$ cat coords-v9.cif   # mmCIF, C-alpha atoms
data_upload
#
loop_
_atom_site.group_PDB
_atom_site.id
_atom_site.type_symbol
_atom_site.label_atom_id
_atom_site.label_comp_id
_atom_site.auth_asym_id
_atom_site.auth_seq_id
_atom_site.Cartn_x
_atom_site.Cartn_y
_atom_site.Cartn_z
ATOM 1 C CA ARG A 1 104.898 128.459 154.934
ATOM 2 C CA SER A 2 106.118 126.051 157.603
ATOM 3 C CA GLY A 3 108.178 124.136 155.040
ATOM 4 C CA LEU A 4 109.847 127.299 153.754
ATOM 5 C CA ALA A 5 110.428 128.492 157.304
ATOM 6 C CA SER A 6 112.210 125.203 158.044
ATOM 7 C CA ILE A 7 114.473 125.837 155.023
ATOM 8 C CA ALA A 8 115.152 129.440 156.033
ATOM 9 C CA THR A 9 116.399 128.298 159.445
ATOM 10 C CA GLN A 10 118.895 125.760 158.063
ATOM 11 C CA TRP A 11 122.509 126.180 159.116
ATOM 12 C CA LYS A 12 123.732 125.700 155.515
ATOM 13 C CA ARG A 13 120.866 127.361 153.688
ATOM 14 C CA GLU A 14 123.348 128.991 151.266
ATOM 15 C CA TYR A 15 123.516 125.568 149.579
ATOM 16 C CA ILE A 16 119.761 125.515 148.990
ATOM 17 C CA HIS A 17 117.987 126.803 145.888
ATOM 18 C CA VAL A 18 114.200 126.593 146.206
ATOM 19 C CA THR A 19 111.946 126.287 143.176
ATOM 20 C CA LEU A 20 108.233 126.398 143.941
ATOM 21 C CA VAL A 21 106.190 124.736 141.209
ATOM 22 C CA ASN A 22 102.688 126.087 140.695
ATOM 23 C CA ASP A 23 100.808 123.061 139.358
ATOM 24 C CA CYS A 24 97.844 125.119 138.049
ATOM 25 C CA SER A 25 95.516 123.198 140.299
ATOM 26 C CA PRO A 26 91.912 124.369 140.201
ATOM 27 C CA ASN A 27 92.326 124.915 143.959
ATOM 28 C CA THR A 28 95.208 127.359 143.455
ATOM 29 C CA ASP A 29 94.374 130.977 142.809
ATOM 30 C CA CYS A 30 97.796 132.594 143.310
ATOM 31 C CA ASN A 31 101.265 132.467 141.805
ATOM 32 C CA TYR A 32 103.033 132.144 145.180
ATOM 33 C CA GLN A 33 104.655 135.557 144.739
ATOM 34 C CA ASP A 34 103.770 136.306 148.361
ATOM 35 C CA LEU A 35 105.953 133.362 149.444
ATOM 36 C CA VAL A 36 108.804 134.405 147.156
ATOM 37 C CA ASP A 37 108.618 137.968 148.524
ATOM 38 C CA ARG A 38 108.453 136.723 152.135
ATOM 39 C CA TYR A 39 111.546 134.479 151.890
ATOM 40 C CA LYS A 40 113.695 136.076 149.148
ATOM 41 C CA ASN A 41 116.001 137.736 151.700
ATOM 42 C CA ASP A 42 116.533 134.461 153.587
ATOM 43 C CA ILE A 43 116.821 131.848 150.831
ATOM 44 C CA ASP A 44 117.374 131.636 147.088
ATOM 45 C CA ILE A 45 113.774 131.146 145.948
ATOM 46 C CA ARG A 46 111.739 131.419 142.761
ATOM 47 C CA CYS A 47 108.437 130.151 141.377
ATOM 48 C CA ILE A 48 107.725 128.506 138.031
ATOM 49 C CA THR A 49 104.295 127.631 136.643
ATOM 50 C CA MET A 50 103.136 124.533 134.806
ATOM 51 C CA PRO A 51 101.533 125.152 131.399
ATOM 52 C CA GLU A 52 98.466 123.246 132.664
ATOM 53 C CA ASN A 53 97.460 121.040 135.575
ATOM 54 C CA SER A 54 98.826 117.567 134.823
ATOM 55 C CA GLY A 55 99.055 115.823 138.171
ATOM 56 C CA GLN A 56 101.739 115.542 140.813
ATOM 57 C CA GLY A 57 104.164 113.325 138.878
ATOM 58 C CA LEU A 58 104.446 115.626 135.868
ATOM 59 C CA THR A 59 104.631 118.603 138.203
ATOM 60 C CA ARG A 60 107.669 117.029 139.872
ATOM 61 C CA GLN A 61 109.193 116.367 136.435
ATOM 62 C CA PHE A 62 108.572 119.978 135.412
ATOM 63 C CA GLY A 63 110.553 121.023 138.485
ATOM 64 C CA ILE A 64 113.389 118.640 137.591
ATOM 65 C CA ASP A 65 113.471 119.858 133.987
ATOM 66 C CA ASN A 66 113.531 123.519 134.997
ATOM 67 C CA THR A 67 116.372 123.325 137.514
ATOM 68 C CA GLU A 68 120.042 122.601 136.919
ATOM 69 C CA HIS A 69 121.774 121.735 140.177
ATOM 70 C CA GLU A 70 123.660 118.457 140.564
ATOM 71 C CA TRP A 71 121.504 117.326 143.503
ATOM 72 C CA PHE A 72 117.813 117.868 144.204
ATOM 73 C CA MET A 73 115.016 116.716 146.472
ATOM 74 C CA PHE A 74 111.248 117.047 146.599
ATOM 75 C CA MET A 75 109.176 118.689 149.320
ATOM 76 C CA ASP A 76 105.406 118.766 149.385
ATOM 77 C CA GLU A 77 103.609 121.770 150.822
ATOM 78 C CA ASP A 78 103.108 120.002 154.154
ATOM 79 C CA ASP A 79 106.733 118.826 154.577
ATOM 80 C CA GLN A 80 109.407 120.466 156.664
ATOM 81 C CA PHE A 81 112.961 119.810 157.752
ATOM 82 C CA GLY A 82 112.974 118.183 161.167
ATOM 83 C CA ASN A 83 115.806 120.323 162.548
ATOM 84 C CA GLY A 84 118.138 123.184 161.649
ATOM 85 C CA LEU A 85 121.055 120.857 160.858
ATOM 86 C CA ALA A 86 119.245 118.652 158.321
ATOM 87 C CA VAL A 87 120.883 120.177 155.237
ATOM 88 C CA SER A 88 124.384 120.105 156.709
ATOM 89 C CA ILE A 89 123.860 116.430 157.597
ATOM 90 C CA ILE A 90 122.770 115.500 154.098
ATOM 91 C CA VAL A 91 125.470 117.630 152.385
ATOM 92 C CA GLY A 92 128.049 116.090 154.708
ATOM 93 C CA ALA A 93 126.897 112.601 153.747
ATOM 94 C CA VAL A 94 127.544 113.359 150.075
ATOM 95 C CA GLU A 95 130.817 115.233 150.537
ATOM 96 C CA GLY A 96 132.185 112.841 153.141
ATOM 97 C CA TYR A 97 131.511 109.632 151.233
ATOM 98 C CA GLY A 98 134.752 107.770 150.510
ATOM 99 C CA LEU A 99 137.084 110.098 152.404
ATOM 100 C CA ILE A 100 140.197 108.579 153.912
ATOM 101 C CA LEU A 101 140.291 109.295 157.623
ATOM 102 C CA ASN A 102 143.292 109.442 159.923
ATOM 103 C CA PRO A 103 143.293 107.344 163.128
ATOM 104 C CA ASP A 104 142.191 110.431 165.095
ATOM 105 C CA GLY A 105 139.135 110.842 162.841
ATOM 106 C CA SER A 106 140.432 113.847 160.912
ATOM 107 C CA TYR A 107 140.452 113.915 157.106
ATOM 108 C CA ASN A 108 143.572 112.799 155.300
ATOM 109 C CA ILE A 109 144.575 115.700 153.002
ATOM 110 C CA ASP A 110 147.054 116.102 150.151
ATOM 111 C CA ASP A 111 149.832 118.718 149.873
ATOM 112 C CA GLU A 112 147.361 121.282 148.528
ATOM 113 C CA GLY A 113 144.955 120.831 151.432
ATOM 114 C CA ASN A 114 142.334 118.841 149.535
ATOM 115 C CA PRO A 115 140.740 115.768 151.121
ATOM 116 C CA ILE A 116 141.950 112.405 149.811
ATOM 117 C CA TYR A 117 139.318 109.887 148.707
ATOM 118 C CA ARG A 118 139.604 106.112 148.482
ATOM 119 C CA GLU A 119 140.504 104.874 144.999
ATOM 120 C CA ASP A 120 137.549 102.473 145.025
ATOM 121 C CA ARG A 121 135.113 105.288 145.808
ATOM 122 C CA LYS A 122 131.963 105.087 143.701
ATOM 123 C CA ASN A 123 129.625 107.852 142.679
ATOM 124 C CA VAL A 124 126.726 108.569 145.010
ATOM 125 C CA ALA A 125 123.321 108.381 143.340
ATOM 126 C CA LEU A 126 121.068 108.860 146.359
ATOM 127 C CA VAL A 127 121.261 109.996 149.945
ATOM 128 C CA SER A 128 118.305 109.084 152.126
ATOM 129 C CA ALA A 129 117.815 110.261 155.668
ATOM 130 C CA PRO A 130 115.041 110.834 158.240
ATOM 131 C CA LEU A 131 114.910 114.571 157.628
ATOM 132 C CA PHE A 132 111.280 115.548 157.199
ATOM 133 C CA GLU A 133 108.332 115.987 159.475
ATOM 134 C CA PHE A 134 104.777 116.100 158.219
ATOM 135 C CA ASP A 135 102.508 118.843 159.422
ATOM 136 C CA ASP A 136 99.189 116.999 159.069
ATOM 137 C CA HIS A 137 97.844 117.356 162.611
ATOM 138 C CA HIS A 138 100.450 114.905 163.846
ATOM 139 C CA THR A 139 104.190 114.690 163.405
ATOM 140 C CA HIS A 140 106.335 111.820 162.292
ATOM 141 C CA VAL A 141 109.664 111.375 160.556
ATOM 142 C CA ILE A 142 110.063 109.363 157.366
ATOM 143 C CA GLU A 143 112.758 106.821 158.161
ATOM 144 C CA SER A 144 115.705 106.355 155.810
ATOM 145 C CA SER A 145 114.795 102.683 155.332
ATOM 146 C CA ASN A 146 111.546 103.711 153.612
ATOM 147 C CA ARG A 147 112.433 103.182 149.938
ATOM 148 C CA ILE A 148 109.070 104.196 148.514
ATOM 149 C CA TRP A 149 108.489 107.789 149.536
ATOM 150 C CA LEU A 150 110.201 110.433 147.432
ATOM 151 C CA ASN A 151 110.674 112.720 150.404
ATOM 152 C CA SER A 152 113.889 112.807 152.419
ATOM 153 C CA LYS A 153 115.952 111.668 149.453
ATOM 154 C CA LEU A 154 118.634 113.712 147.715
ATOM 155 C CA TYR A 155 118.896 112.625 144.070
ATOM 156 C CA ASN A 156 121.896 112.841 141.766
ATOM 157 C CA ARG A 157 120.684 114.431 138.519
ATOM 158 C CA GLU A 158 123.290 112.709 136.325
ATOM 159 C CA PHE A 159 122.218 109.278 137.577
ATOM 160 C CA LEU A 160 118.602 109.996 136.616
ATOM 161 C CA LYS A 161 119.678 111.197 133.167
ATOM 162 C CA LYS A 162 121.948 108.187 132.655
ATOM 163 C CA HIS A 163 119.032 105.814 133.268
ATOM 164 C CA ASN A 164 116.324 108.029 131.751
ATOM 165 C CA ILE A 165 114.257 107.966 134.938
ATOM 166 C CA ARG A 166 111.368 110.383 134.541
ATOM 167 C CA PHE A 167 107.768 111.038 135.427
ATOM 168 C CA ASN A 168 106.440 110.476 131.913
ATOM 169 C CA LYS A 169 102.688 110.696 132.233
ATOM 170 C CA ALA A 170 100.021 111.736 134.639
ATOM 171 C CA GLN A 171 99.519 108.957 137.166
ATOM 172 C CA SER A 172 97.198 108.704 140.094
ATOM 173 C CA ARG A 173 98.163 110.530 143.276
ATOM 174 C CA HIS A 174 99.964 107.511 144.745
ATOM 175 C CA ALA A 175 101.225 105.694 141.658
ATOM 176 C CA GLU A 176 103.692 108.391 140.664
ATOM 177 C CA ASP A 177 105.789 107.815 143.793
ATOM 178 C CA TYR A 178 105.858 104.035 143.421
ATOM 179 C CA PHE A 179 106.621 104.117 139.713
ATOM 180 C CA PHE A 180 109.472 106.627 140.031
ATOM 181 C CA MET A 181 111.050 104.907 143.018
ATOM 182 C CA SER A 182 110.712 101.452 141.465
ATOM 183 C CA CYS A 183 112.530 102.663 138.351
ATOM 184 C CA PHE A 184 115.134 104.437 140.447
ATOM 185 C CA PHE A 185 115.975 101.505 142.687
ATOM 186 C CA TYR A 186 115.968 99.043 139.782
ATOM 187 C CA ALA A 187 118.575 101.231 138.065
ATOM 188 C CA LEU A 188 120.504 101.700 141.310
ATOM 189 C CA ASP A 189 120.598 97.961 142.012
ATOM 190 C CA ASN A 190 121.803 97.193 138.465
ATOM 191 C CA ASP A 191 124.328 100.009 137.916
ATOM 192 C CA ALA A 192 127.927 98.796 138.178
ATOM 193 C CA ASP A 193 129.170 102.354 138.778
#

$ encode --input "coords-v9.cif" --output "structure tokens"
Amino acid sequence: RSGLASIATQWKREYIHVTLVNDCSPNTDCNYQDLVDRYKNDIDIRCITMPENSGQGLTRQFGIDNTEHEWFMFMDEDDQFGNGLAVSIIVGAVEGYGLILNPDGSYNIDDEGNPIYREDRKNVALVSAPLFEFDDHHTHVIESSNRIWLNSKLYNREFLKKHNIRFNKAQSRHAEDYFFMSCFFYALDNDAD
């Protein structure tokens, strides 16, 4: 609930589409409809259910495969946005990348009012920022320099498809993060685009 509340209070929550994934854990005895009903007037939210419990990695992949937006991120049940501007900061990082700025700091725009980007601008595959706080009896922020954790990273779906980066099998609780991020950063470091 605290994670969803932190989404509902975002300044740009209209950009957020929440998909809760019920992983069919033996410890789960609900379909999260109470959470959907609680937040449906504040955020775009739905719940999907795994065919069977298959571990956290395949649950994340099920969420990826059953959503369509260009950008996505993962949140565990104990994660939350650190402040009400987190989404606008991360959306601004993607939209503002490669813009040509005037000396006064304003955007350089064309005759139709559209921002002008540098010709050498490259596609953005990942935005990482210290956006989350954990609610596990203490609070800390995952720093953007932490390349291992999946949290606080906004992924470009096309980049993952291009390099066929997937959670392919049930791994241990910790291995799925390391495996996915190792594949991701290997592809990122070796992609000319």

$ residues_around --input "coords-v9.cif" --residues "Ser106 of chain A" --least-positions-apart "6" --cutoff "12 Å" --atoms "all atoms listed in the file" --output "PyMOL selection string"
chain A and resi 96+99-100+115-116

$ atom_distance --input "coords-v9.cif" --atom1 "atom CA of His163 of chain A" --atom2 "atom CA of Asp120 of chain A"
22.2 Å

$ residues_around --input "coords-v9.cif" --residues "segment 51-67 of chain A" --least-positions-apart "5" --cutoff "12 Å" --atoms "all atoms listed in the file" --output "PyMOL selection string"
chain A and resi 17-28+45-46+72-77+150-151+155-158+160-161+164-181

$ resolve_selection --input "coords-v9.cif" --expression "the PyMOL selection byres ((chain A and resi 107) around 12)" --output "PyMOL selection string"
chain A and resi 95-106+108-110+113-118

$ atom_distance --input "coords-v9.cif" --atom1 "atom CA of Val36 of chain A" --atom2 "atom CA of Ala93 of chain A"
29.1 Å

$ resolve_selection --input "coords-v9.cif" --expression "the PyMOL selection byres ((chain A and resi 125) around 10)" --output "list in words"
Trp71, Val94, Lys122, Asn123, Val124, Leu126, Val127, Leu154, Tyr155, Asn156, Arg157, Glu158, Phe159, Leu160, Phe184, Leu188 and Asp193 of chain A

$ resolve_selection --input "coords-v9.cif" --expression "the PyMOL selection byres ((chain A and resi 85) around 8)" --output "ChimeraX atom specification"
/A:10-12,83-84,86-89

$ axis_aligned_box --input "coords-v9.cif" --around "segment 108-122 of chain A" --padding-each-side "5 Å" --output "JSON"
{"center_x": 140.9, "center_y": 111.9, "center_z": 149.5, "size_x": 27.9, "size_y": 28.8, "size_z": 21.6}

$ atom_distance --input "coords-v9.cif" --atom1 "atom CA of Val91 of chain A" --atom2 "atom CA of Thr49 of chain A"
28.2 Å

$ build_atoms --input "coords-v9.cif" --residues "segment 25-36 of chain A" --atoms "all heavy atoms" --output "mmCIF file, in the coordinates of the input"
data_model
loop_
_atom_site.group_PDB
_atom_site.id
_atom_site.type_symbol
_atom_site.label_atom_id
_atom_site.label_comp_id
_atom_site.auth_asym_id
_atom_site.auth_seq_id
_atom_site.Cartn_x
_atom_site.Cartn_y
_atom_site.Cartn_z
ATOM 1 N N SER A 25 96.651 123.916 139.740
ATOM 2 C CA SER A 25 95.516 123.198 140.299
ATOM 3 C C SER A 25 94.304 124.108 140.319
ATOM 4 O O SER A 25 94.434 125.314 140.542
ATOM 5 C CB SER A 25 95.853 122.742 141.721
ATOM 6 O OG SER A 25 94.691 122.332 142.403
ATOM 7 N N PRO A 26 93.116 123.547 140.105
ATOM 8 C CA PRO A 26 91.912 124.369 140.201
ATOM 9 C C PRO A 26 91.740 124.981 141.593
ATOM 10 O O PRO A 26 91.021 125.949 141.772
ATOM 11 C CB PRO A 26 90.776 123.403 139.897
ATOM 12 C CG PRO A 26 91.384 122.134 139.453
ATOM 13 C CD PRO A 26 92.841 122.173 139.730
ATOM 14 N N ASN A 27 92.415 124.405 142.592
ATOM 15 C CA ASN A 27 92.326 124.915 143.959
ATOM 16 C C ASN A 27 93.345 126.011 144.251
ATOM 17 O O ASN A 27 93.395 126.531 145.352
ATOM 18 C CB ASN A 27 92.536 123.765 144.954
ATOM 19 C CG ASN A 27 91.509 122.670 144.776
ATOM 20 O OD1 ASN A 27 90.342 122.950 144.523
ATOM 21 N ND2 ASN A 27 91.943 121.434 144.886
ATOM 22 N N THR A 28 94.172 126.346 143.265
ATOM 23 C CA THR A 28 95.208 127.359 143.455
ATOM 24 C C THR A 28 94.816 128.627 142.727
ATOM 25 O O THR A 28 94.555 128.603 141.528
ATOM 26 C CB THR A 28 96.571 126.855 142.907
ATOM 27 O OG1 THR A 28 96.892 125.641 143.567
ATOM 28 C CG2 THR A 28 97.661 127.878 143.138
ATOM 29 N N ASP A 29 94.755 129.720 143.447
ATOM 30 C CA ASP A 29 94.374 130.977 142.809
ATOM 31 C C ASP A 29 95.442 132.052 142.967
ATOM 32 O O ASP A 29 95.169 133.243 142.909
ATOM 33 C CB ASP A 29 93.036 131.474 143.363
ATOM 34 C CG ASP A 29 93.083 131.692 144.875
ATOM 35 O OD1 ASP A 29 94.143 131.459 145.483
ATOM 36 O OD2 ASP A 29 92.051 132.111 145.428
ATOM 37 N N CYS A 30 96.713 131.625 143.177
ATOM 38 C CA CYS A 30 97.796 132.594 143.310
ATOM 39 C C CYS A 30 99.028 132.050 142.601
ATOM 40 O O CYS A 30 99.066 130.904 142.177
ATOM 41 C CB CYS A 30 98.114 132.867 144.776
ATOM 42 S SG CYS A 30 98.881 131.456 145.606
ATOM 43 N N ASN A 31 100.027 132.904 142.448
ATOM 44 C CA ASN A 31 101.265 132.467 141.805
ATOM 45 C C ASN A 31 102.402 132.328 142.819
ATOM 46 O O ASN A 31 103.556 132.247 142.432
ATOM 47 C CB ASN A 31 101.653 133.443 140.694
ATOM 48 C CG ASN A 31 101.954 134.838 141.240
ATOM 49 O OD1 ASN A 31 101.891 135.070 142.450
ATOM 50 N ND2 ASN A 31 102.268 135.763 140.351
ATOM 51 N N TYR A 32 102.070 132.316 144.088
ATOM 52 C CA TYR A 32 103.033 132.144 145.180
ATOM 53 C C TYR A 32 104.030 133.286 145.299
ATOM 54 O O TYR A 32 105.044 133.153 145.967
ATOM 55 C CB TYR A 32 103.774 130.799 145.069
ATOM 56 C CG TYR A 32 102.842 129.622 145.053
ATOM 57 C CD1 TYR A 32 102.709 128.846 143.916
ATOM 58 C CD2 TYR A 32 102.073 129.314 146.155
ATOM 59 C CE1 TYR A 32 101.834 127.774 143.893
ATOM 60 C CE2 TYR A 32 101.193 128.246 146.141
ATOM 61 C CZ TYR A 32 101.076 127.475 144.999
ATOM 62 O OH TYR A 32 100.209 126.424 144.967
ATOM 63 N N GLN A 33 103.750 134.417 144.645
ATOM 64 C CA GLN A 33 104.655 135.557 144.739
ATOM 65 C C GLN A 33 104.779 136.051 146.178
ATOM 66 O O GLN A 33 105.830 136.525 146.589
ATOM 67 C CB GLN A 33 104.193 136.695 143.826
ATOM 68 C CG GLN A 33 105.208 137.836 143.707
ATOM 69 C CD GLN A 33 106.539 137.376 143.150
ATOM 70 O OE1 GLN A 33 106.585 136.624 142.186
ATOM 71 N NE2 GLN A 33 107.635 137.798 143.767
ATOM 72 N N ASP A 34 103.698 135.894 146.964
ATOM 73 C CA ASP A 34 103.770 136.306 148.361
ATOM 74 C C ASP A 34 104.814 135.489 149.118
ATOM 75 O O ASP A 34 105.538 136.022 149.970
ATOM 76 C CB ASP A 34 102.404 136.186 149.041
ATOM 77 C CG ASP A 34 101.865 134.757 149.049
ATOM 78 O OD1 ASP A 34 102.068 134.029 148.044
ATOM 79 O OD2 ASP A 34 101.256 134.365 150.065
ATOM 80 N N LEU A 35 104.945 134.193 148.793
ATOM 81 C CA LEU A 35 105.953 133.362 149.444
ATOM 82 C C LEU A 35 107.359 133.720 148.975
ATOM 83 O O LEU A 35 108.299 133.768 149.770
ATOM 84 C CB LEU A 35 105.673 131.880 149.184
ATOM 85 C CG LEU A 35 104.381 131.338 149.779
ATOM 86 C CD1 LEU A 35 104.153 129.902 149.340
ATOM 87 C CD2 LEU A 35 104.405 131.441 151.300
ATOM 88 N N VAL A 36 107.500 133.981 147.681
ATOM 89 C CA VAL A 36 108.804 134.405 147.156
ATOM 90 C C VAL A 36 109.219 135.713 147.828
ATOM 91 O O VAL A 36 110.348 135.848 148.298
ATOM 92 C CB VAL A 36 108.760 134.551 145.623
ATOM 93 C CG1 VAL A 36 110.052 135.158 145.098
ATOM 94 C CG2 VAL A 36 108.497 133.198 144.962
#
